[in-house]
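As stored in coords_21.txt (compact mmCIF, C-alpha atoms and all ligand atoms):
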```txt
# COMPACT_ATOMS: atom_id res chain seq x y z
CA MET A 13 -65.83 180.17 33.07
CA HIS A 14 -69.58 180.00 32.38
CA LEU A 15 -70.91 178.27 29.29
CA SER A 16 -72.05 181.56 27.78
CA GLU A 17 -68.55 183.00 28.18
CA LEU A 18 -66.96 179.85 26.75
CA ASN A 19 -69.24 180.03 23.74
CA GLU A 20 -68.56 183.71 23.28
CA ARG A 21 -64.77 183.37 23.50
CA PHE A 22 -64.16 179.98 21.92
CA GLY A 23 -67.34 178.85 20.16
CA VAL A 24 -67.09 178.36 16.39
CA ALA A 25 -70.44 178.33 14.57
CA GLY A 26 -71.22 174.85 13.32
CA ALA A 27 -67.95 173.40 14.65
CA VAL A 28 -67.37 173.97 18.38
CA ALA A 29 -70.09 174.55 20.99
CA PHE A 30 -70.01 174.42 24.77
CA GLU A 31 -72.90 172.97 26.73
CA GLN A 32 -73.69 171.23 29.95
CA GLY A 33 -72.68 167.58 29.74
CA PRO A 34 -73.25 164.54 31.95
CA GLY A 35 -72.84 165.20 35.66
CA GLY A 36 -73.27 168.90 34.98
CA PHE A 37 -69.69 169.13 33.67
CA ALA A 38 -69.06 171.61 30.86
CA ARG A 39 -68.34 169.90 27.59
CA ALA A 40 -67.20 170.94 24.17
CA VAL A 41 -69.04 169.36 21.28
CA LEU A 42 -66.91 169.20 18.14
CA THR A 43 -68.72 168.86 14.84
CA GLY A 44 -66.25 168.20 12.07
CA ALA A 45 -66.63 167.15 8.47
CA GLY A 46 -67.52 163.45 8.70
CA GLY A 47 -68.02 163.07 12.44
CA ARG A 48 -68.48 164.49 15.90
CA ALA A 49 -66.86 164.21 19.31
CA ALA A 50 -67.47 165.51 22.82
CA VAL A 51 -64.90 166.32 25.47
CA LEU A 52 -65.42 167.42 29.08
CA LEU A 53 -63.27 170.16 30.59
CA TYR A 54 -63.18 167.97 33.71
CA GLY A 55 -60.21 165.71 33.14
CA ALA A 56 -60.00 166.77 29.47
CA HIS A 57 -62.09 163.66 29.17
CA ALA A 58 -63.18 162.68 25.65
CA MET A 59 -66.59 161.02 26.09
CA GLU A 60 -67.88 160.52 22.56
CA PHE A 61 -66.62 160.03 19.05
CA GLN A 62 -68.86 159.03 16.18
CA PRO A 63 -67.98 159.20 12.51
CA ASP A 64 -71.06 159.80 10.32
CA GLY A 65 -72.77 156.55 9.39
CA HIS A 66 -71.04 154.52 12.13
CA ARG A 67 -71.93 153.42 15.64
CA PRO A 68 -70.38 155.27 18.58
CA VAL A 69 -66.68 154.41 18.87
CA LEU A 70 -66.15 155.12 22.58
CA TRP A 71 -67.80 153.29 25.45
CA VAL A 72 -68.84 154.88 28.76
CA SER A 73 -70.27 152.88 31.64
CA ARG A 74 -73.82 153.71 32.65
CA ARG A 75 -72.54 153.31 36.23
CA SER A 76 -69.67 155.79 35.88
CA TRP A 77 -69.09 158.36 38.59
CA LEU A 78 -69.80 161.79 37.22
CA GLU A 79 -68.54 163.74 40.19
CA ALA A 80 -65.61 166.09 40.65
CA GLY A 81 -62.78 164.24 42.40
CA LYS A 82 -63.73 160.85 40.97
CA PRO A 83 -62.54 159.24 37.74
CA ILE A 84 -64.89 158.65 34.82
CA ARG A 85 -65.32 155.06 33.66
CA GLY A 86 -65.06 155.05 29.89
CA GLY A 87 -64.28 157.44 27.06
CA VAL A 88 -60.62 158.42 27.14
CA PRO A 89 -59.18 159.02 30.61
CA VAL A 90 -55.96 161.04 30.42
CA CYS A 91 -53.62 159.08 32.70
CA TRP A 92 -50.80 161.39 33.78
CA PRO A 93 -48.18 161.86 35.33
CA TRP A 94 -48.23 158.21 36.17
CA PHE A 95 -49.90 155.21 34.66
CA GLY A 96 -51.38 152.54 36.92
CA GLY A 97 -51.18 152.39 40.65
CA LYS A 98 -47.49 153.17 40.82
CA GLY A 99 -47.83 156.75 41.98
CA PRO A 100 -44.86 158.20 43.84
CA VAL A 101 -46.63 158.28 47.23
CA ALA A 102 -48.76 155.59 48.86
CA GLY A 103 -52.41 156.55 48.59
CA SER A 104 -52.00 158.59 45.41
CA PRO A 105 -54.75 157.79 42.90
CA LEU A 106 -54.59 155.19 40.17
CA HIS A 107 -53.53 156.73 36.84
CA GLY A 108 -52.50 160.13 38.23
CA PHE A 109 -54.38 163.36 38.80
CA ALA A 110 -54.77 164.91 35.33
CA ARG A 111 -58.07 163.08 34.87
CA LEU A 112 -59.36 164.58 38.13
CA ALA A 113 -58.43 168.19 37.33
CA GLU A 114 -60.44 170.96 35.69
CA TRP A 115 -58.73 172.02 32.45
CA THR A 116 -59.12 175.37 30.72
CA VAL A 117 -59.76 176.11 27.07
CA GLU A 118 -56.88 177.68 25.17
CA SER A 119 -58.26 177.70 21.63
CA ALA A 120 -60.79 176.13 19.31
CA ALA A 121 -61.17 176.24 15.55
CA ARG A 122 -62.49 174.71 12.38
CA LEU A 123 -59.52 173.53 10.35
CA PRO A 124 -59.29 174.17 6.59
CA ASP A 125 -60.05 170.47 5.98
CA GLY A 126 -63.34 170.77 7.92
CA ARG A 127 -62.28 169.03 11.13
CA ALA A 128 -63.10 170.71 14.45
CA THR A 129 -60.39 171.10 17.06
CA ILE A 130 -59.97 172.25 20.64
CA THR A 131 -56.90 172.67 22.83
CA LEU A 132 -57.19 172.41 26.61
CA VAL A 133 -54.45 173.37 29.07
CA LEU A 134 -53.49 172.35 32.58
CA ARG A 135 -50.63 174.08 34.40
CA SER A 136 -49.17 172.86 37.67
CA GLU A 137 -50.12 176.04 39.51
CA ALA A 138 -53.76 175.68 38.44
CA VAL A 139 -54.28 172.08 39.59
CA ARG A 140 -56.93 172.17 42.30
CA VAL A 141 -56.79 168.47 43.11
CA PRO A 142 -55.99 168.27 46.85
CA GLN A 143 -52.56 166.71 47.49
CA ALA A 144 -51.50 166.79 43.83
CA ALA A 145 -48.41 168.91 44.52
CA ALA A 146 -47.47 166.64 47.41
CA TRP A 147 -47.81 163.55 45.24
CA TRP A 148 -45.87 165.05 42.36
CA PRO A 149 -44.03 168.33 43.15
CA HIS A 150 -43.02 169.44 39.64
CA ALA A 151 -43.77 172.45 37.47
CA PHE A 152 -45.41 171.51 34.19
CA GLU A 153 -47.68 172.61 31.40
CA LEU A 154 -49.96 170.11 29.71
CA ARG A 155 -51.78 170.73 26.44
CA TYR A 156 -54.37 168.37 25.08
CA THR A 157 -55.65 168.78 21.55
CA VAL A 158 -58.73 166.90 20.39
CA THR A 159 -59.41 167.05 16.66
CA ALA A 160 -62.52 165.41 15.22
CA GLY A 161 -63.91 164.75 11.77
CA SER A 162 -64.34 161.31 10.28
CA ASP A 163 -61.28 160.42 12.40
CA LEU A 164 -60.21 161.43 15.89
CA THR A 165 -56.76 162.67 16.90
CA LEU A 166 -55.77 163.11 20.54
CA THR A 167 -52.44 164.72 21.36
CA LEU A 168 -51.12 165.23 24.88
CA SER A 169 -48.08 167.51 25.12
CA THR A 170 -46.09 167.67 28.33
CA ARG A 171 -43.69 170.55 28.97
CA ASN A 172 -41.32 170.76 31.88
CA THR A 173 -41.50 174.35 33.14
CA GLY A 174 -39.38 173.69 36.23
CA ASN A 175 -35.66 173.57 36.91
CA ASP A 176 -35.17 169.82 37.33
CA PRO A 177 -35.86 166.90 35.05
CA PHE A 178 -38.93 164.81 35.79
CA THR A 179 -40.11 161.38 34.73
CA ILE A 180 -43.64 160.49 33.68
CA THR A 181 -45.61 157.47 32.68
CA GLN A 182 -48.91 158.08 30.92
CA ALA A 183 -51.75 156.76 28.81
CA LEU A 184 -54.58 157.87 26.57
CA HIS A 185 -56.80 155.18 28.01
CA THR A 186 -59.28 154.64 25.16
CA TYR A 187 -62.34 152.53 25.98
CA PHE A 188 -63.72 151.20 22.69
CA ALA A 189 -67.30 150.06 22.25
CA VAL A 190 -67.46 146.53 20.82
CA SER A 191 -70.26 144.16 19.82
CA ASP A 192 -68.99 141.48 22.20
CA VAL A 193 -65.42 141.36 23.46
CA ARG A 194 -65.37 137.59 22.89
CA SER A 195 -65.96 138.12 19.16
CA VAL A 196 -63.32 140.76 18.41
CA ARG A 197 -59.63 140.44 17.56
CA VAL A 198 -56.77 142.89 17.99
CA HIS A 199 -54.15 142.82 15.25
CA GLY A 200 -50.75 144.51 15.44
CA LEU A 201 -49.36 142.96 18.61
CA GLU A 202 -48.21 139.67 17.09
CA GLY A 203 -44.86 138.60 18.54
CA ALA A 204 -44.72 141.51 21.02
CA GLU A 205 -43.43 141.06 24.56
CA TYR A 206 -45.86 141.95 27.32
CA ILE A 207 -46.34 141.96 31.05
CA ASP A 208 -49.43 140.03 32.00
CA THR A 209 -50.63 141.91 35.09
CA VAL A 210 -53.56 139.66 35.95
CA GLY A 211 -52.22 137.89 39.04
CA PRO A 212 -48.48 138.08 39.73
CA GLU A 213 -46.78 140.10 36.97
CA THR A 214 -45.48 137.68 34.34
CA LEU A 215 -43.43 138.43 31.27
CA ARG A 216 -44.90 136.73 28.17
CA ARG A 217 -44.76 136.98 24.43
CA GLN A 218 -47.75 137.24 22.12
CA GLY A 219 -47.87 134.41 19.59
CA PRO A 220 -48.29 134.89 15.84
CA GLU A 221 -52.07 135.20 16.25
CA PRO A 222 -54.09 138.36 16.97
CA VAL A 223 -55.19 139.02 20.55
CA ALA A 224 -58.46 137.30 21.42
CA VAL A 225 -60.13 137.91 24.80
CA ARG A 226 -61.28 134.79 26.63
CA ALA A 227 -60.82 135.87 30.27
CA GLU A 228 -59.73 138.94 32.23
CA ILE A 229 -56.94 140.59 30.27
CA ASP A 230 -54.53 143.31 31.41
CA ASN A 231 -51.51 143.11 29.11
CA VAL A 232 -48.89 145.83 28.98
CA TYR A 233 -47.03 145.43 25.66
CA ARG A 234 -43.61 147.02 26.04
CA GLY A 235 -41.55 148.66 23.35
CA HIS A 236 -44.59 148.61 21.06
CA THR A 237 -44.73 151.59 18.72
CA GLY A 238 -46.91 150.31 15.89
CA GLU A 239 -50.63 150.51 15.24
CA CYS A 240 -53.38 148.16 16.38
CA VAL A 241 -56.49 147.20 14.48
CA LEU A 242 -59.57 146.21 16.45
CA GLU A 243 -61.57 143.96 14.18
CA ASP A 244 -65.24 143.69 15.10
CA ALA A 245 -66.83 141.29 12.63
CA PRO A 246 -70.38 141.28 14.13
CA TRP A 247 -70.49 145.06 13.82
CA GLY A 248 -68.71 144.96 10.46
CA ARG A 249 -66.06 147.49 11.39
CA ARG A 250 -62.37 147.90 12.03
CA ILE A 251 -61.05 150.54 14.42
CA ARG A 252 -57.49 151.49 13.56
CA VAL A 253 -55.45 152.91 16.45
CA ALA A 254 -52.25 154.55 15.21
CA LYS A 255 -49.93 156.39 17.56
CA SER A 256 -46.72 158.30 18.08
CA GLY A 257 -44.62 159.18 21.11
CA SER A 258 -45.74 155.95 22.75
CA ARG A 259 -43.75 152.82 23.46
CA SER A 260 -46.39 150.80 25.35
CA THR A 261 -49.80 149.49 24.39
CA VAL A 262 -52.20 148.22 27.04
CA VAL A 263 -55.08 145.86 26.32
CA TRP A 264 -57.61 145.64 29.14
CA ASN A 265 -60.98 144.06 29.83
CA PRO A 266 -61.99 143.29 33.42
CA TRP A 267 -64.21 140.26 32.59
CA ILE A 268 -66.83 139.04 35.05
CA GLU A 269 -65.35 139.10 38.57
CA LYS A 270 -63.35 142.31 38.33
CA ALA A 271 -66.32 144.10 36.74
CA ALA A 272 -68.48 142.92 39.63
CA ARG A 273 -65.94 144.31 42.12
CA MET A 274 -65.94 147.78 40.56
CA PRO A 275 -68.79 149.97 41.84
CA ASP A 276 -68.60 152.22 38.78
CA PHE A 277 -68.90 149.40 36.24
CA GLY A 278 -72.19 147.59 35.54
CA ASP A 279 -71.97 143.83 36.16
CA ASP A 280 -73.24 143.07 32.68
CA GLU A 281 -71.20 145.68 30.81
CA TRP A 282 -67.84 143.92 30.42
CA PRO A 283 -68.68 142.26 27.06
CA HIS A 284 -69.28 145.64 25.48
CA MET A 285 -65.87 147.35 25.88
CA LEU A 286 -62.21 146.82 25.23
CA CYS A 287 -59.41 149.23 26.13
CA ILE A 288 -56.50 149.59 23.73
CA GLU A 289 -54.35 152.23 25.36
CA THR A 290 -51.65 154.38 23.83
CA ALA A 291 -49.20 154.53 26.71
CA ASN A 292 -45.76 154.92 28.12
CA ALA A 293 -45.94 152.52 31.04
CA GLY A 294 -43.21 152.20 33.59
CA PRO A 295 -40.55 151.54 34.33
CA ASP A 296 -39.26 150.47 30.91
CA ASP A 297 -41.18 152.97 28.81
CA ALA A 298 -41.17 155.92 31.24
CA VAL A 299 -40.24 159.28 29.73
CA THR A 300 -37.76 161.69 31.35
CA ILE A 301 -38.16 165.32 30.35
CA PRO A 302 -35.42 167.89 31.03
CA PRO A 303 -36.14 171.50 32.08
CA ALA A 304 -37.68 173.41 29.13
CA GLY A 305 -38.10 170.09 27.32
CA GLY A 306 -41.28 168.48 26.11
CA HIS A 307 -42.85 165.26 24.96
CA ASP A 308 -45.92 164.55 22.81
CA ILE A 309 -47.99 161.39 22.85
CA GLN A 310 -50.64 161.00 20.17
CA THR A 311 -53.32 158.55 19.21
CA HIS A 312 -55.16 158.61 15.91
CA ILE A 313 -58.40 156.64 15.57
CA THR A 314 -60.06 155.78 12.28
CA VAL A 315 -63.01 153.54 11.55
CA GLU A 316 -63.35 151.41 8.43
CA PRO A 317 -66.17 149.15 7.33
CA MET A 318 -65.08 145.50 7.08
C1 LIG B 401 -55.93 149.74 32.90
C2 LIG B 401 -55.08 149.01 33.86
O1 LIG B 401 -55.11 150.55 32.13
O2 LIG B 401 -56.84 150.55 33.59
C3 LIG B 401 -55.99 148.19 34.77
O3 LIG B 401 -54.15 148.21 33.14
C4 LIG B 401 -57.00 149.09 35.44
O4 LIG B 401 -55.22 147.49 35.72
C5 LIG B 401 -57.74 149.83 34.38
O5 LIG B 401 -57.88 148.35 36.24
C6 LIG B 401 -58.81 150.78 34.87
O6 LIG B 401 -58.31 151.73 35.72
P1 LIG B 401 -59.27 152.64 36.54
O7 LIG B 401 -58.42 153.51 37.39
O8 LIG B 401 -60.05 153.41 35.54
O9 LIG B 401 -60.09 151.72 37.36
```
Any chance you could give the structure as structure tokens?
Amino acid sequence: MHLSELNERFGVAGAVAFEQGPGGFARAVLTGAGGRAAVLLYGAHAMEFQPDGHRPVLWVSRRSWLEAGKPIRGGVPVCWPWFGGKGPVAGSPLHGFARLAEWTVESAARLPDGRATITLVLRSEAVRVPQAAAWWPHAFELRYTVTAGSDLTLTLSTRNTGNDPFTITQALHTYFAVSDVRSVRVHGLEGAEYIDTVGPETLRRQGPEPVAVRAEIDNVYRGHTGECVLEDAPWGRRIRVAKSGSRSTVVWNPWIEKAARMPDFGDDEWPHMLCIETANAGPDDAVTIPPAGGHDIQTHITVEPM
């Protein structure tokens, strides 16, 4: 659908507008009471969120691919129907195909409380990603609702529209902008068990202290349903990440060498981001959905001055 048609059908004066975004992808700009956000139809990829009076909350690499068929580095990749490299077929892409697909707009509105909201849809029969049906031959309907004001709520709903149960892993892979990753702390994971996936996978337990990043980190906290608070003292802010429908939390920063190995990540950018991902990572926290059943995963992001 062209931008003019999108604006005609779904635009909401002062709240939801469609325009050409980075890479030429169509994006919806949500202007809610207290803040704004932007989401691309490509991948249903949230790229920006900024509450009024605060710095941008999401980080996007200046080296990101912005091409159909390639993942975007930053913002909030929607990882689905699998999280990580453990796709069902060798050669299937890291973090699934939902982030590589073109989604369609179902509705947009200004809510009575002044927040702006949009719902995007992806149905199995409309996925144009080559090989997707071979990688994952199931009938599904995905809905992604992005609601922005002074806070940001992201809800991914999976429905099984086929005749057999299927199992998914997934993540709302939020890349947060930070002053310097070495100066921030993540509270809320104290005492939680995690798989350290840097090097050979090792089961560990977080101590009583908040998470501090001093090297490459790729921790998958299992059975974690609570909220995290990203405390950024130099920037004087706390980002609160609350969630539901999620039993895993992933904390990721590539640090120096891994950043240098990634072509879509600037060598000097690693200090400026930290991922805290609302996930269901496999195999322990995978979700099985029966025919006609559904599952919702949600993340809710608020920013507070410190
Ligand atoms: C994290 C994973 O969730 O995503 C990392 O735990 C991975 O292992 C990272 O490198 C980024 O993934 P991608 O596909 O965007 O490079």
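Of note, atom CA of Gly294 of chain A and atom CA of Thr186 of chain A are spaced 18.3 Å apart.
Reported to one decimal place, the separation of atom CA of Arg194 of chain A from atom O4 of ligand LIG 401 (chain B) is 19.1 Å.
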Within-12 Å shell of (-62.7, 142.6, 34.3) in input frame, only C-alpha atoms, as a PyMOL selection string: chain A and resi 193+210+225-230+263-274+277-287
Please find the residues contacting ligand LIG 401 (chain B) at a distance of at most 10 Å between atoms, with all atoms listed in the file counted, and report them as a PDB file with C-alpha atoms, in the frame of the given file.
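The new file pocket_19.pdb reads:
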```pdb
ATOM      1  CA  SER A  76     -69.670 155.790  35.880  1.00  0.00           C
ATOM      2  CA  LYS A  82     -63.730 160.850  40.970  1.00  0.00           C
ATOM      3  CA  PRO A  83     -62.540 159.240  37.740  1.00  0.00           C
ATOM      4  CA  ILE A  84     -64.890 158.650  34.820  1.00  0.00           C
ATOM      5  CA  ARG A  85     -65.320 155.060  33.660  1.00  0.00           C
ATOM      6  CA  GLY A  86     -65.060 155.050  29.890  1.00  0.00           C
ATOM      7  CA  VAL A  88     -60.620 158.420  27.140  1.00  0.00           C
ATOM      8  CA  PRO A  89     -59.180 159.020  30.610  1.00  0.00           C
ATOM      9  CA  CYS A  91     -53.620 159.080  32.700  1.00  0.00           C
ATOM     10  CA  PHE A  95     -49.900 155.210  34.660  1.00  0.00           C
ATOM     11  CA  GLY A  96     -51.380 152.540  36.920  1.00  0.00           C
ATOM     12  CA  GLY A  97     -51.180 152.390  40.650  1.00  0.00           C
ATOM     13  CA  PRO A 105     -54.750 157.790  42.900  1.00  0.00           C
ATOM     14  CA  LEU A 106     -54.590 155.190  40.170  1.00  0.00           C
ATOM     15  CA  HIS A 107     -53.530 156.730  36.840  1.00  0.00           C
ATOM     16  CA  GLY A 108     -52.500 160.130  38.230  1.00  0.00           C
ATOM     17  CA  ARG A 111     -58.070 163.080  34.870  1.00  0.00           C
ATOM     18  CA  GLN A 182     -48.910 158.080  30.920  1.00  0.00           C
ATOM     19  CA  ALA A 183     -51.750 156.760  28.810  1.00  0.00           C
ATOM     20  CA  LEU A 184     -54.580 157.870  26.570  1.00  0.00           C
ATOM     21  CA  HIS A 185     -56.800 155.180  28.010  1.00  0.00           C
ATOM     22  CA  THR A 186     -59.280 154.640  25.160  1.00  0.00           C
ATOM     23  CA  TYR A 187     -62.340 152.530  25.980  1.00  0.00           C
ATOM     24  CA  ASP A 208     -49.430 140.030  32.000  1.00  0.00           C
ATOM     25  CA  THR A 209     -50.630 141.910  35.090  1.00  0.00           C
ATOM     26  CA  VAL A 210     -53.560 139.660  35.950  1.00  0.00           C
ATOM     27  CA  ILE A 229     -56.940 140.590  30.270  1.00  0.00           C
ATOM     28  CA  ASP A 230     -54.530 143.310  31.410  1.00  0.00           C
ATOM     29  CA  ASN A 231     -51.510 143.110  29.110  1.00  0.00           C
ATOM     30  CA  VAL A 232     -48.890 145.830  28.980  1.00  0.00           C
ATOM     31  CA  THR A 261     -49.800 149.490  24.390  1.00  0.00           C
ATOM     32  CA  VAL A 262     -52.200 148.220  27.040  1.00  0.00           C
ATOM     33  CA  VAL A 263     -55.080 145.860  26.320  1.00  0.00           C
ATOM     34  CA  TRP A 264     -57.610 145.640  29.140  1.00  0.00           C
ATOM     35  CA  ASN A 265     -60.980 144.060  29.830  1.00  0.00           C
ATOM     36  CA  PRO A 266     -61.990 143.290  33.420  1.00  0.00           C
ATOM     37  CA  LYS A 270     -63.350 142.310  38.330  1.00  0.00           C
ATOM     38  CA  ALA A 271     -66.320 144.100  36.740  1.00  0.00           C
ATOM     39  CA  MET A 274     -65.940 147.780  40.560  1.00  0.00           C
ATOM     40  CA  PRO A 275     -68.790 149.970  41.840  1.00  0.00           C
ATOM     41  CA  ASP A 276     -68.600 152.220  38.780  1.00  0.00           C
ATOM     42  CA  PHE A 277     -68.900 149.400  36.240  1.00  0.00           C
ATOM     43  CA  CYS A 287     -59.410 149.230  26.130  1.00  0.00           C
ATOM     44  CA  ILE A 288     -56.500 149.590  23.730  1.00  0.00           C
ATOM     45  CA  GLU A 289     -54.350 152.230  25.360  1.00  0.00           C
ATOM     46  CA  THR A 290     -51.650 154.380  23.830  1.00  0.00           C
ATOM     47  CA  ALA A 291     -49.200 154.530  26.710  1.00  0.00           C
ATOM     48  CA  ALA A 293     -45.940 152.520  31.040  1.00  0.00           C
TER      49      ALA A 293
END
```
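Our summary of the geometry notes that atom CA of Gly36 of chain A is positioned 13.0 Å from atom CA of Glu114 of chain A.
For the set A:Trp247, A:Tyr233, A:Phe178, A:Trp77, the residue with the smallest atom-to-atom gap to Trp94 of chain A is A:Phe178, counting all atoms listed in the file.
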Nearest residue to Phe61 of chain A from the set A:Gly35, A:Pro93, A:Pro142, A:Gly161 (distances using only C-alpha atoms):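 For Phe61 of chain A, the nearest of the candidates is A:Gly161.
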Contact residues around Glu118 of chain A with all atoms listed in the file at 7 Å, ignoring same-chain residues under 2 positions, as an MDAnalysis selection string: chainID A and resid 116 131:133
Pick from A:Leu42, A:Leu242, A:Gly33, A:Ala110, whichever lies nearest to Ala189 of chain A using all atoms listed in the file: A:Leu242
